[in-house]
file final_31.cif (mmCIF, C-alpha atoms)
data_my_file
loop_
_atom_site.label_atom_id
_atom_site.label_comp_id
_atom_site.auth_asym_id
_atom_site.auth_seq_id
_atom_site.Cartn_x
_atom_site.Cartn_y
_atom_site.Cartn_z
CA MET A 1 0.00 0.00 0.00
CA ASP A 2 1.38 3.39 -1.04
CA PHE A 3 1.11 6.05 1.67
CA SER A 4 2.70 8.84 -0.34
CA PHE A 5 1.17 12.11 -1.50
CA SER A 6 3.27 12.83 -4.55
CA LYS A 7 3.39 15.99 -6.64
CA ASN A 8 1.28 14.51 -9.45
CA GLU A 9 -1.54 13.71 -6.99
CA LYS A 10 -1.86 17.35 -5.93
CA LEU A 11 -4.58 19.48 -7.44
CA LYS A 12 -3.01 22.47 -9.16
CA SER A 13 -5.00 23.12 -12.35
CA ARG A 14 -6.81 26.47 -12.18
CA LYS A 15 -9.48 25.20 -14.63
CA VAL A 16 -10.25 22.15 -12.48
CA ILE A 17 -10.32 24.22 -9.29
CA ASP A 18 -12.74 26.68 -10.93
CA SER A 19 -14.97 23.79 -12.05
CA LEU A 20 -14.95 22.46 -8.48
CA PHE A 21 -16.54 25.67 -7.24
CA THR A 22 -19.01 26.05 -10.12
CA GLU A 23 -20.25 22.49 -10.65
CA GLY A 24 -18.74 20.48 -7.81
CA LYS A 25 -20.70 18.38 -5.32
CA SER A 26 -20.05 18.54 -1.62
CA VAL A 27 -19.95 16.17 1.34
CA ALA A 28 -19.44 17.44 4.89
CA LYS A 29 -18.64 16.02 8.29
CA TYR A 30 -18.18 18.91 10.68
CA PRO A 31 -15.67 20.62 10.61
CA LEU A 32 -14.42 19.10 7.35
CA ARG A 33 -15.86 19.44 3.87
CA LEU A 34 -14.95 17.66 0.65
CA VAL A 35 -15.89 19.33 -2.63
CA TYR A 36 -15.40 17.04 -5.61
CA VAL A 37 -16.05 16.83 -9.31
CA GLU A 38 -15.63 14.00 -11.77
CA VAL A 39 -12.83 14.67 -14.26
CA THR A 40 -11.82 13.19 -17.58
CA ASN A 41 -8.05 13.50 -17.63
CA GLU A 42 -5.65 11.33 -19.54
CA GLU A 43 -3.46 10.72 -16.51
CA GLU A 44 -3.56 7.48 -14.57
CA ILE A 45 -4.14 9.25 -11.26
CA PRO A 46 -7.66 8.39 -10.03
CA LEU A 47 -7.85 11.22 -7.47
CA LYS A 48 -6.27 14.68 -7.34
CA MET A 49 -6.55 16.42 -3.99
CA GLY A 50 -6.03 19.93 -2.70
CA VAL A 51 -6.39 21.29 0.84
CA SER A 52 -7.59 24.64 2.11
CA VAL A 53 -7.96 26.42 5.44
CA SER A 54 -9.93 29.65 5.60
CA LYS A 55 -8.20 32.93 6.34
CA LYS A 56 -11.49 33.98 7.92
CA HIS A 57 -11.03 31.44 10.72
CA PHE A 58 -7.23 31.61 11.11
CA LYS A 59 -5.72 35.05 10.59
CA HIS A 60 -2.11 33.92 11.02
CA ALA A 61 -0.44 31.97 8.22
CA VAL A 62 1.33 29.82 10.81
CA ASP A 63 -2.02 28.47 12.02
CA ARG A 64 -3.38 27.94 8.49
CA ASN A 65 -0.21 26.10 7.46
CA TYR A 66 -0.40 23.86 10.53
CA PHE A 67 -3.95 22.75 9.73
CA LYS A 68 -3.11 22.29 6.05
CA ARG A 69 -0.25 19.99 7.09
CA VAL A 70 -2.62 18.05 9.33
CA LEU A 71 -5.21 17.72 6.53
CA ARG A 72 -2.58 16.52 4.05
CA GLU A 73 -1.32 13.96 6.56
CA CYS A 74 -4.84 12.69 7.29
CA TYR A 75 -5.49 12.38 3.56
CA ARG A 76 -2.17 10.62 2.98
CA LEU A 77 -2.83 8.01 5.66
CA ASN A 78 -6.48 7.39 4.72
CA LYS A 79 -6.53 7.80 0.94
CA HIS A 80 -6.62 4.02 0.53
CA LEU A 81 -10.25 4.19 1.73
CA LEU A 82 -11.08 6.31 -1.31
CA LEU A 83 -8.85 4.66 -3.89
CA ASP A 84 -10.12 1.17 -3.10
CA ASN A 85 -13.77 2.18 -3.48
CA ILE A 86 -14.02 4.57 -6.44
CA GLU A 87 -14.20 3.64 -10.11
CA LYS A 88 -14.20 7.09 -11.71
CA LYS A 89 -11.55 9.80 -11.66
CA TYR A 90 -12.12 12.75 -9.35
CA ALA A 91 -10.61 16.07 -8.40
CA ALA A 92 -11.34 17.19 -4.85
CA MET A 93 -10.64 19.96 -2.36
CA PHE A 94 -10.47 19.22 1.35
CA PHE A 95 -11.56 22.12 3.61
CA TYR A 96 -11.16 22.79 7.33
CA GLN A 97 -14.14 25.03 8.15
CA THR A 98 -14.09 26.10 11.76
CA SER A 99 -12.06 28.26 14.09
CA ASP A 100 -12.03 25.43 16.65
CA ARG A 101 -8.56 24.00 17.13
CA LEU A 102 -9.18 20.26 16.99
CA SER A 103 -6.43 17.78 17.78
CA TYR A 104 -4.84 15.60 15.12
CA GLN A 105 -6.72 12.53 16.41
CA GLU A 106 -10.09 14.29 16.15
CA ILE A 107 -9.35 15.53 12.64
CA ASN A 108 -8.19 12.06 11.58
CA GLU A 109 -11.41 10.45 12.91
CA LYS A 110 -13.53 13.05 11.10
CA THR A 111 -11.51 12.46 7.91
CA ILE A 112 -12.28 8.75 8.00
CA LEU A 113 -16.00 9.46 8.54
CA LEU A 114 -15.98 12.03 5.73
CA PHE A 115 -14.33 9.61 3.29
CA LYS A 116 -16.85 6.89 4.16
CA LYS A 117 -19.69 9.36 3.59
CA PHE A 118 -18.20 10.31 0.21
CA ILE A 119 -17.97 6.65 -0.81
CA GLU A 120 -21.60 6.03 0.20
CA THR A 121 -22.76 9.10 -1.71
CA GLU A 122 -20.90 8.17 -4.88
CA ASN A 123 -21.88 4.51 -4.78
CA LYS A 124 -25.58 5.50 -4.51
CA THR A 125 -25.38 7.61 -7.67
CA VAL A 126 -23.68 4.89 -9.72
#

call {"tool": "encode", "arguments": {"input": "final_31.cif", "output": "structure tokens"}}
result
Amino acid sequence: MDFSFSKNEKLKSRKVIDSLFTEGKSVAKYPLRLVYVEVTNEEEIPLKMGVSVSKKHFKHAVDRNYFKRVLRECYRLNKHLLLDNIEKKYAAMFFYQTSDRLSYQEINEKTILLFKKFIETENKTV
């Protein structure tokens, strides 16, 4: 099992990010939210992921960067849940949407619940 989060798995395309916000679907498990859209790219990567922490909730870049690191780590350790259960290719953004300072363990638990909710939602529509 590959627990890396390599450069080619990161969401960087401005067009794809714009399409996420215009036509993307959303799944939430407080305080996390996953906005995703199905993509048709030629690459072999089944899931491209980006992370975001609101400047509204954390004024200092140090705090935003800390929570982005935590989100990336939670994704990296739990992405096998998503990759084992999706058939289509997706682009997704992972948001931390509260000013509450949750611990790593709490964020990791919420991440697992969020990913399971995403899988249920997508398997219903297929």

call {"tool": "atom_distance", "arguments": {"input": "final_31.cif", "atom1": "CA of Gln97 in chain A", "atom2": "CA of Arg33 in chain A"}}
result
7.2 Å

call {"tool": "resolve_selection", "arguments": {"input": "final_31.cif", "expression": "the PyMOL selection byres ((chain A and resi 80-92) around 9)", "output": "PyMOL selection string"}}
result
chain A and resi 1-3+11+16-17+20+24+34-41+44-51+75-79+93-94+112+115-116+118-119+122-123

call {"tool": "residues_around", "arguments": {"input": "final_31.cif", "residues": "Arg101 in chain A", "least_positions_apart": "5", "cutoff": "12 Å", "atoms": "all atoms listed in the file", "output": "list in words"}}
result
Pro31, Val53, His57, Phe58, Asp63, Arg64, Tyr66, Phe67, Val70, Tyr96, Glu106 and Ile107 of chain A

call {"tool": "closest_residue", "arguments": {"input": "final_31.cif", "among": "A:Ser99, A:Lys25, A:Ser13, A:Gln105", "to": "His60 in chain A", "atoms": "only C-alpha atoms"}}
result
A:Ser99

call {"tool": "atom_distance", "arguments": {"input": "final_31.cif", "atom1": "CA of Val27 in chain A", "atom2": "CA of Thr121 in chain A"}}
result
8.2 Å

call {"tool": "atom_distance", "arguments": {"input": "final_31.cif", "atom1": "CA of Tyr30 in chain A", "atom2": "CA of Asn108 in chain A"}}
result
12.1 Å

call {"tool": "build_atoms", "arguments": {"input": "final_31.cif", "residues": "range 16-42 of chain A", "atoms": "N, CA and C atoms", "output": "tab-separated table (two decimals), keeping the file's coordinate frame"}}
result
chain	number	residue	atom	x	y	z
A	16	VAL	N	-9.58	23.19	-13.28
A	16	VAL	CA	-10.25	22.15	-12.48
A	16	VAL	C	-10.74	22.74	-11.16
A	17	ILE	N	-9.91	23.59	-10.55
A	17	ILE	CA	-10.32	24.22	-9.29
A	17	ILE	C	-11.55	25.10	-9.51
A	18	ASP	N	-11.57	25.86	-10.61
A	18	ASP	CA	-12.74	26.68	-10.93
A	18	ASP	C	-13.98	25.81	-11.15
A	19	SER	N	-13.82	24.67	-11.83
A	19	SER	CA	-14.97	23.79	-12.05
A	19	SER	C	-15.45	23.17	-10.74
A	20	LEU	N	-14.55	22.96	-9.79
A	20	LEU	CA	-14.95	22.46	-8.48
A	20	LEU	C	-15.96	23.41	-7.83
A	21	PHE	N	-15.69	24.71	-7.91
A	21	PHE	CA	-16.54	25.67	-7.24
A	21	PHE	C	-17.80	26.00	-8.04
A	22	THR	N	-17.81	25.76	-9.34
A	22	THR	CA	-19.01	26.05	-10.12
A	22	THR	C	-19.94	24.84	-10.21
A	23	GLU	N	-19.39	23.65	-10.45
A	23	GLU	CA	-20.25	22.49	-10.65
A	23	GLU	C	-19.95	21.32	-9.72
A	24	GLY	N	-19.13	21.55	-8.71
A	24	GLY	CA	-18.74	20.48	-7.81
A	24	GLY	C	-19.84	20.11	-6.82
A	25	LYS	N	-19.80	18.86	-6.37
A	25	LYS	CA	-20.70	18.38	-5.32
A	25	LYS	C	-19.94	18.42	-4.01
A	26	SER	N	-20.68	18.38	-2.92
A	26	SER	CA	-20.05	18.54	-1.62
A	26	SER	C	-20.55	17.51	-0.63
A	27	VAL	N	-19.64	17.06	0.23
A	27	VAL	CA	-19.95	16.17	1.34
A	27	VAL	C	-19.28	16.78	2.57
A	28	ALA	N	-20.00	16.82	3.69
A	28	ALA	CA	-19.44	17.44	4.89
A	28	ALA	C	-19.59	16.54	6.10
A	29	LYS	N	-18.62	16.64	6.96
A	29	LYS	CA	-18.64	16.02	8.29
A	29	LYS	C	-17.93	17.02	9.18
A	30	TYR	N	-18.72	17.78	9.94
A	30	TYR	CA	-18.18	18.91	10.68
A	30	TYR	C	-16.89	18.54	11.40
A	31	PRO	N	-15.87	19.33	11.27
A	31	PRO	CA	-15.67	20.62	10.61
A	31	PRO	C	-15.03	20.50	9.23
A	32	LEU	N	-15.06	19.31	8.64
A	32	LEU	CA	-14.42	19.10	7.35
A	32	LEU	C	-15.44	19.06	6.23
A	33	ARG	N	-15.01	19.49	5.04
A	33	ARG	CA	-15.86	19.44	3.87
A	33	ARG	C	-15.02	18.99	2.69
A	34	LEU	N	-15.61	18.15	1.85
A	34	LEU	CA	-14.95	17.66	0.65
A	34	LEU	C	-15.79	18.09	-0.54
A	35	VAL	N	-15.22	18.91	-1.39
A	35	VAL	CA	-15.89	19.33	-2.63
A	35	VAL	C	-15.20	18.57	-3.75
A	36	TYR	N	-15.99	17.90	-4.58
A	36	TYR	CA	-15.40	17.04	-5.61
A	36	TYR	C	-16.15	17.17	-6.92
A	37	VAL	N	-15.46	16.84	-7.99
A	37	VAL	CA	-16.05	16.83	-9.31
A	37	VAL	C	-15.39	15.69	-10.10
A	38	GLU	N	-16.17	15.06	-10.94
A	38	GLU	CA	-15.63	14.00	-11.77
A	38	GLU	C	-14.85	14.64	-12.91
A	39	VAL	N	-13.67	14.10	-13.20
A	39	VAL	CA	-12.83	14.67	-14.26
A	39	VAL	C	-12.53	13.61	-15.32
A	40	THR	N	-12.22	14.09	-16.49
A	40	THR	CA	-11.82	13.19	-17.58
A	40	THR	C	-10.42	13.60	-18.02
A	41	ASN	N	-9.43	13.20	-17.25
A	41	ASN	CA	-8.05	13.50	-17.63
A	41	ASN	C	-7.38	12.25	-18.16
A	42	GLU	N	-6.35	12.45	-18.92
A	42	GLU	CA	-5.65	11.33	-19.54
A	42	GLU	C	-4.68	10.65	-18.58
